[in-house]
>>> print(open('structure.cif').read())   # mmCIF, C-alpha atoms
data_coords
#
loop_
_atom_site.label_atom_id
_atom_site.label_comp_id
_atom_site.auth_asym_id
_atom_site.auth_seq_id
_atom_site.Cartn_x
_atom_site.Cartn_y
_atom_site.Cartn_z
CA MET A 298 0.00 0.00 0.00
CA ASN A 299 1.08 3.52 -0.65
CA ILE A 300 0.13 5.84 2.18
CA LEU A 301 0.32 9.65 2.03
CA LYS A 302 -0.88 12.34 4.40
CA GLY A 303 -2.86 15.26 3.03
CA LYS A 304 -5.35 17.97 3.81
CA ILE A 305 -8.87 18.29 2.40
CA GLU A 306 -9.11 21.50 0.44
CA LYS A 307 -12.23 21.06 -1.68
CA LEU A 308 -15.43 19.03 -1.46
CA THR A 309 -17.86 18.75 -4.35
CA VAL A 310 -21.00 16.77 -3.57
CA SER A 311 -23.44 15.40 -6.12
CA GLY A 312 -26.10 12.95 -4.95
CA SER A 313 -24.34 10.34 -2.84
CA LEU A 314 -20.90 10.93 -4.36
CA THR A 315 -18.29 13.37 -3.16
CA LEU A 316 -15.27 14.47 -5.14
CA ILE A 317 -12.51 15.45 -2.76
CA GLY A 318 -9.63 17.78 -3.54
CA ILE A 319 -6.66 16.93 -1.33
CA GLU A 320 -3.41 18.79 -0.92
CA VAL A 321 -0.41 16.56 -0.33
CA ASN A 322 2.79 18.53 0.13
CA ASN A 323 1.57 21.35 -2.17
CA ILE A 324 0.45 18.93 -4.86
CA GLY A 325 -3.23 18.58 -5.61
CA MET A 326 -4.82 15.13 -5.57
CA SER A 327 -8.36 14.03 -6.14
CA ALA A 328 -10.42 11.14 -4.80
CA ILE A 329 -14.05 10.17 -5.24
CA VAL A 330 -16.07 8.34 -2.58
CA ILE A 331 -19.62 7.09 -2.03
CA ASP A 332 -20.11 9.23 1.08
CA THR A 333 -21.17 12.72 2.00
CA SER A 334 -20.14 14.96 4.91
CA GLU A 335 -23.40 14.12 6.70
CA ALA A 336 -22.74 10.38 6.82
CA ALA A 337 -18.97 10.64 7.06
CA PRO A 338 -17.87 13.42 9.44
CA TYR A 339 -14.23 13.13 8.35
CA LEU A 340 -15.19 14.83 5.07
CA LYS A 341 -14.56 18.36 6.27
CA LEU A 342 -12.53 21.16 4.73
CA GLY A 343 -9.12 21.51 6.37
CA ASN A 344 -9.18 18.01 7.89
CA THR A 345 -5.99 15.99 7.73
CA ILE A 346 -6.56 12.77 5.90
CA THR A 347 -4.64 9.65 4.95
CA VAL A 348 -4.60 8.77 1.27
CA VAL A 349 -4.18 5.08 0.46
CA PHE A 350 -3.69 3.36 -2.89
CA LYS A 351 -2.37 0.03 -4.01
CA GLU A 352 0.96 -0.42 -5.82
CA THR A 353 -0.76 -2.26 -8.65
CA GLU A 354 -2.95 0.79 -9.37
CA VAL A 355 -0.02 3.14 -9.99
CA ILE A 356 0.54 3.90 -13.68
CA ILE A 357 3.95 5.00 -14.88
CA GLY A 358 4.48 7.61 -17.61
CA LYS A 359 7.60 9.01 -19.15
CA GLY A 360 7.95 12.43 -20.76
CA ASN A 361 4.98 14.75 -21.10
CA THR A 362 1.88 13.47 -19.29
CA ASP A 363 -0.22 16.66 -19.53
CA ASN A 364 -2.79 15.14 -21.86
CA ILE A 365 -3.58 12.10 -19.77
CA SER A 366 -6.94 12.04 -17.99
CA LEU A 367 -5.54 10.90 -14.63
CA ARG A 368 -5.94 13.52 -11.90
CA ASN A 369 -3.23 12.29 -9.57
CA LYS A 370 0.28 12.74 -10.94
CA PHE A 371 3.60 12.77 -9.13
CA LYS A 372 6.88 13.45 -10.90
CA GLY A 373 9.88 11.60 -9.53
CA ILE A 374 12.98 9.55 -10.09
CA ILE A 375 13.19 5.76 -10.00
CA ASP A 376 15.10 4.82 -6.88
CA ILE A 377 14.77 1.03 -6.88
CA LEU A 378 13.83 -1.20 -9.80
CA GLU A 379 13.21 -4.91 -9.23
CA CYS A 380 12.42 -6.85 -12.41
CA LYS A 381 11.01 -10.38 -12.36
CA GLU A 382 9.75 -12.56 -15.20
CA LEU A 383 6.32 -10.97 -15.56
CA LEU A 384 6.13 -8.08 -13.14
CA SER A 385 8.43 -5.35 -11.92
CA LYS A 386 8.34 -3.22 -8.82
CA LEU A 387 9.47 0.38 -8.92
CA THR A 388 10.11 2.66 -6.01
CA ILE A 389 9.95 6.27 -7.07
CA ASN A 390 11.23 9.25 -5.10
CA THR A 391 8.66 11.99 -5.52
CA SER A 392 8.04 15.30 -3.81
CA VAL A 393 5.38 13.61 -1.65
CA GLY A 394 7.67 10.76 -0.62
CA LYS A 395 8.33 7.29 -1.93
CA ILE A 396 5.67 5.75 -4.14
CA SER A 397 5.73 2.07 -5.15
CA SER A 398 4.34 0.80 -8.40
CA ILE A 399 3.96 -2.67 -9.80
CA ILE A 400 3.80 -2.84 -13.61
CA THR A 401 4.65 -5.49 -16.18
CA THR A 402 8.29 -6.12 -17.00
CA ASN A 403 7.33 -5.75 -20.67
CA ALA A 404 6.30 -2.15 -19.92
CA VAL A 405 9.57 -1.50 -18.07
CA ASN A 406 11.51 -2.69 -21.13
CA GLN A 407 9.38 -0.83 -23.64
CA LEU A 408 9.71 2.47 -21.75
CA ASN A 409 13.37 1.69 -21.14
CA LEU A 410 13.02 2.41 -17.43
CA LYS A 411 16.19 2.37 -15.34
CA VAL A 412 17.19 3.46 -11.87
CA GLY A 413 17.51 7.24 -12.16
CA SER A 414 14.90 7.60 -14.96
CA GLU A 415 12.55 10.55 -14.62
CA VAL A 416 8.95 9.31 -14.56
CA THR A 417 5.46 10.36 -13.50
CA ALA A 418 3.47 8.08 -11.16
CA MET A 419 -0.27 8.40 -11.80
CA ILE A 420 -3.36 7.08 -10.03
CA LYS A 421 -7.01 7.23 -11.11
CA THR A 422 -9.33 9.28 -8.90
CA ASN A 423 -11.57 6.28 -8.21
CA GLU A 424 -8.66 4.13 -6.98
CA ILE A 425 -7.84 6.38 -4.05
CA MET A 426 -9.05 5.25 -0.63
CA LEU A 427 -9.22 7.58 2.32
CA SER A 428 -8.81 7.05 6.01
CA GLU A 429 -9.13 9.46 8.92
CA MET B 53 -24.27 6.19 31.48
CA ILE B 54 -23.77 2.77 33.04
CA GLU B 55 -20.94 2.57 35.53
CA ILE B 56 -19.77 -0.87 36.46
CA SER B 57 -17.23 -1.91 39.04
CA ILE B 58 -17.51 -5.56 40.00
CA GLN B 59 -15.28 -8.24 41.48
CA LYS B 60 -16.05 -11.91 41.87
CA LYS B 61 -13.94 -15.01 42.41
CA LEU B 62 -14.89 -17.63 39.87
CA LYS B 63 -13.99 -21.28 39.57
CA SER B 64 -13.02 -22.05 36.02
CA ALA B 65 -11.70 -25.18 34.32
CA SER B 66 -8.14 -23.91 34.78
CA GLY B 67 -8.55 -23.07 38.45
CA GLU B 68 -9.63 -19.95 40.27
CA MET B 69 -10.11 -16.75 38.32
CA LEU B 70 -10.83 -13.25 39.61
CA LEU B 71 -13.42 -11.43 37.58
CA ASN B 72 -12.56 -7.75 37.92
CA ILE B 73 -14.37 -5.32 35.64
CA ASN B 74 -14.34 -1.53 35.83
CA THR B 75 -15.87 0.33 32.95
CA ALA B 76 -18.38 2.94 31.91
CA ILE B 77 -20.81 2.49 29.05
CA LYS B 78 -22.38 5.46 27.34
CA LYS B 79 -26.17 5.60 27.14
CA GLY B 80 -27.38 4.73 23.66
CA SER B 81 -24.24 2.90 22.62
CA LEU B 82 -23.84 -0.65 21.38
CA VAL B 83 -20.97 -2.35 23.18
CA THR B 84 -19.66 -5.80 22.37
CA LEU B 85 -17.95 -8.15 24.81
CA TYR B 86 -15.43 -10.18 22.89
CA GLY B 87 -13.11 -12.92 24.10
CA LYS B 88 -12.49 -16.63 24.46
CA SER B 89 -15.02 -19.01 25.98
CA GLY B 90 -14.71 -18.97 29.74
CA ALA B 91 -13.30 -15.42 29.84
CA GLY B 92 -16.23 -14.23 31.94
CA LYS B 93 -18.42 -12.48 29.36
CA THR B 94 -21.70 -14.18 30.22
CA THR B 95 -20.94 -13.82 33.94
CA ILE B 96 -20.69 -10.04 33.48
CA LEU B 97 -24.13 -9.93 31.85
CA ARG B 98 -25.62 -12.18 34.55
CA ILE B 99 -24.25 -9.92 37.28
CA LEU B 100 -25.66 -6.84 35.52
CA ALA B 101 -29.02 -8.57 35.23
CA GLY B 102 -29.00 -9.44 38.92
CA LEU B 103 -29.02 -13.20 38.26
CA LEU B 104 -25.67 -13.56 39.97
CA ASN B 105 -24.15 -11.61 42.85
CA PRO B 106 -20.58 -10.33 42.77
CA ASP B 107 -18.37 -10.51 45.88
CA HIS B 108 -17.97 -6.73 45.79
CA GLY B 109 -19.20 -4.10 43.45
CA LYS B 110 -21.26 -1.20 42.33
CA ILE B 111 -23.55 -0.81 39.32
CA ASP B 112 -25.08 2.58 38.50
CA VAL B 113 -27.43 2.83 35.54
CA ASN B 114 -28.39 6.31 34.34
CA GLY B 115 -28.08 7.72 37.86
CA ALA B 116 -29.91 4.88 39.65
CA THR B 117 -27.98 2.45 41.84
CA TRP B 118 -28.75 -1.17 41.00
CA LEU B 119 -26.06 -2.62 43.17
CA ASN B 120 -23.77 -1.37 45.91
CA THR B 121 -22.41 -4.17 48.07
CA SER B 122 -20.89 -1.80 50.63
CA GLU B 123 -24.29 -0.15 51.22
CA GLY B 124 -26.25 -3.37 50.94
CA ILE B 125 -28.17 -2.28 47.83
CA ASN B 126 -29.05 -5.08 45.43
CA LEU B 127 -32.09 -4.62 43.16
CA LYS B 128 -33.97 -7.76 42.21
CA PRO B 129 -33.66 -8.82 38.54
CA GLN B 130 -37.28 -7.80 37.81
CA LYS B 131 -36.56 -4.26 39.04
CA ARG B 132 -33.52 -3.81 36.82
CA LYS B 133 -35.17 -3.10 33.45
CA ILE B 134 -33.13 -5.53 31.43
CA GLY B 135 -34.02 -7.21 28.15
CA PHE B 136 -32.19 -10.49 27.61
CA VAL B 137 -31.84 -12.55 24.42
CA PHE B 138 -29.93 -15.84 24.52
CA GLN B 139 -28.80 -18.24 21.84
CA ASP B 140 -31.75 -20.54 22.61
CA TYR B 141 -34.94 -18.64 22.20
CA ALA B 142 -36.70 -19.58 25.45
CA LEU B 143 -40.18 -18.83 24.09
CA PHE B 144 -43.26 -20.35 25.71
CA PRO B 145 -44.18 -23.21 23.33
CA ASN B 146 -47.88 -23.26 24.25
CA MET B 147 -48.40 -19.56 23.42
CA THR B 148 -48.62 -17.83 20.07
CA VAL B 149 -46.14 -15.12 19.12
CA ILE B 150 -48.43 -12.32 20.26
CA GLU B 151 -49.28 -14.16 23.49
CA ASN B 152 -45.56 -14.55 24.19
CA LEU B 153 -45.17 -10.80 23.77
CA LYS B 154 -48.22 -9.93 25.87
CA PHE B 155 -47.06 -12.23 28.65
CA ALA B 156 -43.95 -10.07 29.01
CA LEU B 157 -46.10 -7.00 29.64
CA ASN B 158 -46.94 -6.08 33.23
CA LYS B 159 -50.65 -6.03 34.07
CA GLY B 160 -52.37 -2.81 33.21
CA GLU B 161 -49.53 -1.55 31.00
CA ASP B 162 -50.23 0.02 27.64
CA ASP B 163 -49.93 -2.61 24.91
CA ASN B 164 -49.14 -0.11 22.14
CA ILE B 165 -45.51 -1.06 22.42
CA ILE B 166 -46.41 -4.58 21.27
CA ASN B 167 -48.02 -3.32 18.07
CA HIS B 168 -45.06 -1.08 17.47
CA LEU B 169 -42.59 -3.94 17.98
CA ILE B 170 -44.61 -6.24 15.71
CA ASP B 171 -44.41 -3.48 13.17
CA ILE B 172 -40.70 -2.72 13.23
CA ILE B 173 -39.51 -6.32 13.68
CA GLU B 174 -42.02 -7.34 10.98
CA LEU B 175 -43.80 -10.05 12.96
CA GLY B 176 -47.27 -9.22 11.63
CA GLU B 177 -47.70 -12.40 9.62
CA LEU B 178 -46.28 -14.57 12.38
CA GLN B 179 -48.22 -13.19 15.33
CA ASN B 180 -50.77 -16.00 15.61
CA ARG B 181 -48.32 -18.85 15.14
CA LYS B 182 -46.81 -21.04 17.83
CA PRO B 183 -43.01 -21.07 18.25
CA ASP B 184 -42.54 -24.66 17.02
CA THR B 185 -43.83 -23.63 13.57
CA LEU B 186 -41.20 -20.89 13.24
CA SER B 187 -37.66 -21.02 11.84
CA GLY B 188 -34.66 -20.23 14.04
CA GLY B 189 -34.35 -16.71 12.68
CA GLN B 190 -38.09 -16.04 13.18
CA LYS B 191 -37.96 -17.35 16.77
CA GLN B 192 -35.01 -15.09 17.50
CA ARG B 193 -36.95 -12.10 16.14
CA VAL B 194 -39.78 -12.94 18.53
CA ALA B 195 -37.30 -13.30 21.40
CA LEU B 196 -35.85 -9.90 20.49
CA ALA B 197 -39.30 -8.29 20.44
CA ARG B 198 -40.19 -9.92 23.76
CA ALA B 199 -37.00 -8.58 25.37
CA LEU B 200 -38.09 -5.07 24.37
CA VAL B 201 -41.69 -5.16 25.60
CA GLN B 202 -40.66 -3.76 29.00
CA LYS B 203 -38.66 -0.92 27.39
CA PRO B 204 -35.43 -2.02 29.06
CA SER B 205 -32.64 0.35 30.07
CA ILE B 206 -30.18 -2.26 28.85
CA LEU B 207 -30.65 -4.82 26.10
CA MET B 208 -28.35 -7.80 26.58
CA LEU B 209 -27.67 -10.17 23.73
CA ASP B 210 -25.69 -13.29 24.62
CA GLU B 211 -24.53 -14.70 21.28
CA PRO B 212 -28.05 -14.43 19.95
CA LEU B 213 -27.09 -15.13 16.36
CA SER B 214 -24.51 -17.87 16.61
CA ALA B 215 -26.95 -20.69 15.82
CA LEU B 216 -28.17 -19.01 12.64
CA ASP B 217 -26.77 -19.21 9.12
CA SER B 218 -25.03 -16.17 7.67
CA GLU B 219 -27.90 -14.78 5.60
CA ILE B 220 -30.43 -14.88 8.45
CA ARG B 221 -27.74 -13.58 10.77
CA PHE B 222 -27.23 -10.52 8.63
CA LYS B 223 -30.98 -9.79 8.65
CA LEU B 224 -31.16 -10.18 12.43
CA GLN B 225 -28.24 -7.79 12.79
CA GLN B 226 -30.25 -5.21 10.85
CA TYR B 227 -33.27 -5.72 13.14
CA ILE B 228 -31.11 -5.36 16.24
CA LEU B 229 -29.55 -2.14 14.92
CA LYS B 230 -33.01 -0.85 14.00
CA VAL B 231 -34.51 -1.34 17.46
CA HIS B 232 -31.29 -0.20 19.13
CA LYS B 233 -31.65 3.16 17.36
CA GLU B 234 -35.45 3.37 17.48
CA TYR B 235 -35.63 2.90 21.27
CA ASN B 236 -32.30 4.60 22.01
CA LEU B 237 -31.23 1.45 23.83
CA THR B 238 -27.97 0.76 25.53
CA THR B 239 -27.09 -2.62 24.11
CA LEU B 240 -24.52 -5.15 25.30
CA LEU B 241 -23.70 -7.89 22.83
CA ILE B 242 -21.56 -10.97 23.24
CA SER B 243 -20.17 -12.06 19.91
CA HIS B 244 -17.22 -13.96 18.45
CA ASP B 245 -17.83 -12.91 14.88
CA ILE B 246 -15.46 -10.09 14.02
CA SER B 247 -17.35 -8.90 10.94
CA GLU B 248 -20.53 -8.79 13.02
CA ILE B 249 -18.71 -6.80 15.70
CA ILE B 250 -17.29 -4.33 13.19
CA ARG B 251 -20.68 -3.85 11.57
CA MET B 252 -22.60 -3.36 14.79
CA SER B 253 -20.51 -2.01 17.65
CA ASP B 254 -19.65 1.48 18.81
CA LYS B 255 -17.21 0.03 21.30
CA VAL B 256 -15.58 -3.33 21.99
CA LEU B 257 -14.40 -4.67 25.34
CA GLU B 258 -11.99 -7.56 24.93
CA ILE B 259 -12.22 -9.81 27.97
CA ASP B 260 -9.61 -12.35 29.01
CA GLN B 261 -9.37 -14.20 32.34
CA GLY B 262 -12.07 -12.00 33.85
CA LYS B 263 -10.42 -8.69 32.94
CA ILE B 264 -10.74 -6.11 30.20
CA ILE B 265 -7.51 -6.41 28.27
CA LYS B 266 -8.39 -4.02 25.44
CA GLN B 267 -11.17 -1.54 24.79
CA GLY B 268 -12.05 1.00 22.15
CA LYS B 269 -13.66 1.32 18.76
CA PRO B 270 -13.59 -1.91 16.70
CA ASN B 271 -10.71 -0.63 14.56
CA GLU B 272 -8.67 0.15 17.66
CA VAL B 273 -9.26 -3.23 19.31
CA PHE B 274 -8.77 -5.29 16.17
CA ASN B 275 -6.03 -2.94 15.06
CA TYR B 276 -6.91 -2.22 11.48
CA LYS B 277 -7.01 1.02 9.61
CA GLU B 278 -10.49 2.26 9.00
CA LEU B 279 -10.74 2.93 5.28
CA ASN B 280 -13.66 4.61 3.61
CA ALA B 281 -13.84 1.61 1.23
CA LYS B 282 -17.38 0.35 0.68
CA PHE B 283 -16.39 -3.13 -0.46
CA GLN B 284 -15.21 -4.65 2.79
CA PHE B 285 -15.22 -8.15 4.18
CA THR B 286 -13.53 -9.98 7.00
CA GLY B 287 -12.05 -13.34 6.24
CA THR B 288 -9.53 -15.94 7.28
CA ILE B 289 -6.32 -16.67 5.41
CA ILE B 290 -6.13 -20.30 4.36
CA GLU B 291 -3.17 -20.17 2.00
CA ILE B 292 -0.25 -17.85 1.37
CA GLU B 293 1.80 -18.14 -1.81
CA LYS B 294 4.80 -15.94 -2.36
CA GLN B 295 5.63 -15.03 -5.89
CA ASP B 296 8.45 -12.59 -6.57
CA PHE B 297 7.61 -9.46 -4.54
CA LEU B 298 3.93 -10.36 -4.32
CA TYR B 299 1.92 -12.52 -1.98
CA ILE B 300 -1.11 -14.33 -3.34
CA LEU B 301 -3.52 -14.89 -0.46
CA THR B 302 -6.41 -17.35 -0.51
CA ILE B 303 -9.03 -16.11 1.90
CA ARG B 304 -12.22 -17.69 3.15
CA ILE B 305 -14.99 -15.10 3.32
CA GLY B 306 -18.21 -16.66 4.56
CA LYS B 307 -18.75 -19.68 2.32
CA ASP B 308 -16.60 -18.37 -0.50
CA LEU B 309 -12.92 -18.54 -1.29
CA VAL B 310 -11.32 -15.48 -2.83
CA LYS B 311 -7.80 -14.62 -3.88
CA VAL B 312 -6.17 -11.31 -3.18
CA VAL B 313 -2.77 -10.01 -4.22
CA ALA B 314 -0.86 -8.28 -1.44
CA ASP B 315 2.40 -6.41 -1.45
CA GLU B 316 5.49 -7.71 0.36
CA SER B 317 5.11 -5.22 3.18
CA GLU B 318 1.62 -6.55 3.95
CA GLY B 319 2.25 -10.22 3.09
CA GLN B 320 5.28 -10.61 5.35
CA GLN B 321 3.20 -9.96 8.44
CA LEU B 322 0.58 -12.58 7.67
CA VAL B 323 0.30 -16.25 8.61
CA ILE B 324 -2.30 -18.88 7.75
CA GLY B 325 -5.28 -18.58 10.06
CA ASP B 326 -5.02 -14.80 10.48
CA ASN B 327 -8.28 -12.91 10.37
CA ILE B 328 -8.08 -10.03 7.93
CA LEU B 329 -10.17 -7.20 6.61
CA VAL B 330 -10.26 -7.04 2.81
CA SER B 331 -11.14 -3.65 1.32
CA ALA B 332 -11.58 -2.33 -2.18
CA LYS B 333 -13.19 0.70 -3.69
CA ALA B 334 -16.82 0.28 -4.67
CA PHE B 335 -15.78 1.28 -8.18
CA ASN B 336 -13.68 -1.84 -8.82
CA PRO B 337 -15.96 -4.89 -8.74
CA VAL B 338 -17.63 -6.08 -11.92
CA ILE B 339 -21.04 -7.66 -11.48
CA HIS B 340 -23.01 -10.32 -13.32
CA LYS B 341 -26.57 -11.31 -12.74
CA ILE B 342 -26.86 -15.01 -11.94
CA GLY B 343 -29.76 -17.44 -11.78
#
>>> encode(input="structure.cif", output="structure tokens")
Amino acid sequence: MNILKGKIEKLTVSGSLTLIGIEVNNIGMSAIVIDTSEAAPYLKLGNTITVVFKETEVIIGKGNTDNISLRNKFKGIIDILECKELLSKLTINTSVGKISSIITTNAVNQLNLKVGSEVTAMIKTNEIMLSE
Amino acid sequence: MIEISIQKKLKSASGEMLLNINTAIKKGSLVTLYGKSGAGKTTILRILAGLLNPDHGKIDVNGATWLNTSEGINLKPQKRKIGFVFQDYALFPNMTVIENLKFALNKGEDDNIINHLIDIIELGELQNRKPDTLSGGQKQRVALARALVQKPSILMLDEPLSALDSEIRFKLQQYILKVHKEYNLTTLLISHDISEIIRMSDKVLEIDQGKIIKQGKPNEVFNYKELNAKFQFTGTIIEIEKQDFLYILTIRIGKDLVKVVADESEGQQLVIGDNILVSAKAFNPVIHKIG
């Protein structure tokens, strides 16, 4: 699991869904949950919140990632790269801390990823879990 | 607020054990007593109900003293306003459902509560039947309604659901939560089922050898991180396979086996037989209609 600490800076409610803007070390993140402030008191502006996402949900991009729909993007440098037959695990040093990602070894080879490569770690809004 | 401070020497299979409980329970909360068999859970409920006397102790319930051994106060069970539901239903077999409920009412008391209970526990269609024509889940609903006829200050549930299969169990849990809220009850539950405890309790007291060894919210006692995830189950690990930096876990959840991939950092801490909470975002599962 990747675990980051952030602060809630925006809440947009529609029906039973809430889109949450979170600031993690000056970088904006977004998460969507089936909850509203009434049912879940932790959904409050200014609250500190823990952001959780799984390694296998972290997408890796190289170069310009501006035109990708993902709302959660962290630029960083590959610190550790462990390649096995099918899957590889990357640990990326980003401005919000270390983020781990598990992607296919084929993808590592195709993107020519190495320790020291500059990459962007990206996570879909609906893959982010929150905890108080 | 219920304030409890009780001590009693008990003889257990492994010798003498001192039951020593000091705790306060907030009015309107649902508190679960959790722990091994023989830890003293049922004894605590029996002492609260006045069915058993402690060696020393004090029980105050919403400002009224039920027991104070140093002042010689000891209210009789029938004066204590307790509703009790056990694993066996203890209904009167010769009476219909509604007669069982009416029997619990004191003479001259308003029987509106019975209609209301029949309504919210959905006993309408069963009210003229005798207990031996009812299923286990139906009998337990009647027992629950009967425990509430006297509008108890405390509802005590001693493993009321453990004889029932998981589907019926889940429904009964919903009924218990419904009446707990509707009547603003203070409810004490004894349960071994962690998913049931997580779903139902405001607070858990873990009892071992007659003492509270842990207390707090379910996530504090069972030590898991409370995630906002809506797709959550508790299960038991039955197989752990390590592959490269991943762990492939086979988990029994209810009657089903599922597989979950975990990262090294999580997998390393797990052994077969561990109870775990499995969480995913509600957005992930794909569904198919079956049957």
>>> resolve_selection(input="structure.cif", expression="the PyMOL selection byres ((chain B) within 10 of (chain A))", output="CSV table (one decimal) with C-alpha atoms, keeping the file's coordinate frame")
chain,number,residue,atom,x,y,z
B,277,LYS,CA,-7.0,1.0,9.6
B,278,GLU,CA,-10.5,2.3,9.0
B,279,LEU,CA,-10.7,2.9,5.3
B,280,ASN,CA,-13.7,4.6,3.6
B,281,ALA,CA,-13.8,1.6,1.2
B,282,LYS,CA,-17.4,0.4,0.7
B,295,GLN,CA,5.6,-15.0,-5.9
B,296,ASP,CA,8.4,-12.6,-6.6
B,297,PHE,CA,7.6,-9.5,-4.5
B,298,LEU,CA,3.9,-10.4,-4.3
B,313,VAL,CA,-2.8,-10.0,-4.2
B,314,ALA,CA,-0.9,-8.3,-1.4
B,315,ASP,CA,2.4,-6.4,-1.4
B,316,GLU,CA,5.5,-7.7,0.4
B,317,SER,CA,5.1,-5.2,3.2
B,318,GLU,CA,1.6,-6.6,4.0
B,331,SER,CA,-11.1,-3.6,1.3
B,332,ALA,CA,-11.6,-2.3,-2.2
B,333,LYS,CA,-13.2,0.7,-3.7
B,334,ALA,CA,-16.8,0.3,-4.7
B,335,PHE,CA,-15.8,1.3,-8.2
B,336,ASN,CA,-13.7,-1.8,-8.8
>>> resolve_selection(input="structure.cif", expression="the PyMOL selection byres ((chain B and resi 218) around 12)", output="number ranges by chain")
B: 189, 213-217, 219-225, 245, 247-248, 305-308
>>> atom_distance(input="structure.cif", atom1="atom CA of B:Ala91", atom2="atom CA of B:Gln261")
4.8 Å
>>> residues_around(input="structure.cif", residues="A:Ser366", least_positions_apart="2", cutoff="10 Å", atoms="only C-alpha atoms", output="MDAnalysis selection string")
chainID A and resid 362:364 368:369 419 421:422
>>> closest_residue(input="structure.cif", among="A:Met326, A:Leu301, A:Val321, A:Ile357", to="A:Ile400", atoms="only C-alpha atoms")
A:Ile357
>>> atom_distance(input="structure.cif", atom1="atom CA of B:Gly287", atom2="atom CA of B:Glu211")
19.6 Å
>>> resolve_selection(input="structure.cif", expression="the PyMOL selection byres ((chain B and resi 271) around 12)", output="PyMOL selection string")
(chain A and resi 428-429) or (chain B and resi 246-247+249-251+253-256+266-270+272-279+328-329)
>>> atom_distance(input="structure.cif", atom1="atom CA of B:Leu200", atom2="atom CA of B:Asn167")
11.9 Å
>>> residues_around(input="structure.cif", residues="B:Leu175", least_positions_apart="6", cutoff="10 Å", atoms="all atoms listed in the file", output="number ranges by chain")
B: 149-150, 167, 169, 190, 193-194, 197
>>> write_last_selection(input="structure.cif", atoms="C-alpha atoms", output="mmCIF file, in the frame of the given file")
data_model
loop_
_atom_site.group_PDB
_atom_site.id
_atom_site.type_symbol
_atom_site.label_atom_id
_atom_site.label_comp_id
_atom_site.auth_asym_id
_atom_site.auth_seq_id
_atom_site.Cartn_x
_atom_site.Cartn_y
_atom_site.Cartn_z
ATOM 1 C CA VAL B 149 -46.140 -15.120 19.120
ATOM 2 C CA ILE B 150 -48.430 -12.320 20.260
ATOM 3 C CA ASN B 167 -48.020 -3.320 18.070
ATOM 4 C CA LEU B 169 -42.590 -3.940 17.980
ATOM 5 C CA GLN B 190 -38.090 -16.040 13.180
ATOM 6 C CA ARG B 193 -36.950 -12.100 16.140
ATOM 7 C CA VAL B 194 -39.780 -12.940 18.530
ATOM 8 C CA ALA B 197 -39.300 -8.290 20.440
#
>>> residues_around(input="structure.cif", residues="B:Gly109", least_positions_apart="3", cutoff="12 Å", atoms="only C-alpha atoms", output="JSON, numbers by chain")
{"B": [55, 56, 57, 58, 59, 60, 71, 72, 73, 74, 75, 96, 99, 100, 104, 105, 106, 112, 117, 118, 119, 120, 121, 122, 123, 124, 125, 126]}
>>> residues_around(input="structure.cif", residues="A:Ser311", least_positions_apart="4", cutoff="9 Å", atoms="only C-alpha atoms", output="VMD selection string")
chain A and resid 315 to 316 333
>>> closest_residue(input="structure.cif", among="B:Gln139, B:Asn152, B:Asn164, B:Thr239", to="B:Pro212", atoms="all atoms listed in the file")
B:Gln139
>>> closest_residue(input="structure.cif", among="B:Asp107, B:Phe283, B:Gly92, B:Asn236", to="B:Met69", atoms="all atoms listed in the file")
B:Gly92
>>> closest_residue(input="structure.cif", among="A:Leu387, A:Val355, A:Val405, A:Ile377", to="A:Ala418", atoms="all atoms listed in the file")
A:Val355
>>> residues_around(input="structure.cif", residues="A:Gly358", least_positions_apart="6", cutoff="12 Å", atoms="only C-alpha atoms", output="short mmCIF file (atom, residue, chain, number, x, y, z; two decimals) with C-alpha atoms, in the coordinates of the input")
data_model
loop_
_atom_site.label_atom_id
_atom_site.label_comp_id
_atom_site.auth_asym_id
_atom_site.auth_seq_id
_atom_site.Cartn_x
_atom_site.Cartn_y
_atom_site.Cartn_z
CA ASN A 364 -2.79 15.14 -21.86
CA ILE A 365 -3.58 12.10 -19.77
CA LEU A 367 -5.54 10.90 -14.63
CA LYS A 370 0.28 12.74 -10.94
CA PHE A 371 3.60 12.77 -9.13
CA LYS A 372 6.88 13.45 -10.90
CA GLY A 373 9.88 11.60 -9.53
CA ILE A 374 12.98 9.55 -10.09
CA ILE A 375 13.19 5.76 -10.00
CA ILE A 389 9.95 6.27 -7.07
CA SER A 398 4.34 0.80 -8.40
CA ILE A 400 3.80 -2.84 -13.61
CA ALA A 404 6.30 -2.15 -19.92
CA VAL A 405 9.57 -1.50 -18.07
CA GLN A 407 9.38 -0.83 -23.64
CA LEU A 408 9.71 2.47 -21.75
CA ASN A 409 13.37 1.69 -21.14
CA LEU A 410 13.02 2.41 -17.43
CA SER A 414 14.90 7.60 -14.96
CA GLU A 415 12.55 10.55 -14.62
CA VAL A 416 8.95 9.31 -14.56
CA THR A 417 5.46 10.36 -13.50
CA ALA A 418 3.47 8.08 -11.16
CA MET A 419 -0.27 8.40 -11.80
CA ILE A 420 -3.36 7.08 -10.03
#
>>> decode(input="structure.cif", residues="stretch 225-235 of chain B", atoms="C-alpha atoms", output="short mmCIF file (atom, residue, chain, number, x, y, z; two decimals), in the first residue's frame")
data_model
loop_
_atom_site.label_atom_id
_atom_site.label_comp_id
_atom_site.auth_asym_id
_atom_site.auth_seq_id
_atom_site.Cartn_x
_atom_site.Cartn_y
_atom_site.Cartn_z
CA GLN B 225 -28.24 -7.79 12.79
CA GLN B 226 -30.25 -5.21 10.85
CA TYR B 227 -33.27 -5.72 13.14
CA ILE B 228 -31.11 -5.36 16.24
CA LEU B 229 -29.55 -2.14 14.92
CA LYS B 230 -33.01 -0.85 14.00
CA VAL B 231 -34.51 -1.34 17.46
CA HIS B 232 -31.29 -0.20 19.13
CA LYS B 233 -31.65 3.16 17.36
CA GLU B 234 -35.45 3.37 17.48
CA TYR B 235 -35.63 2.90 21.27
#
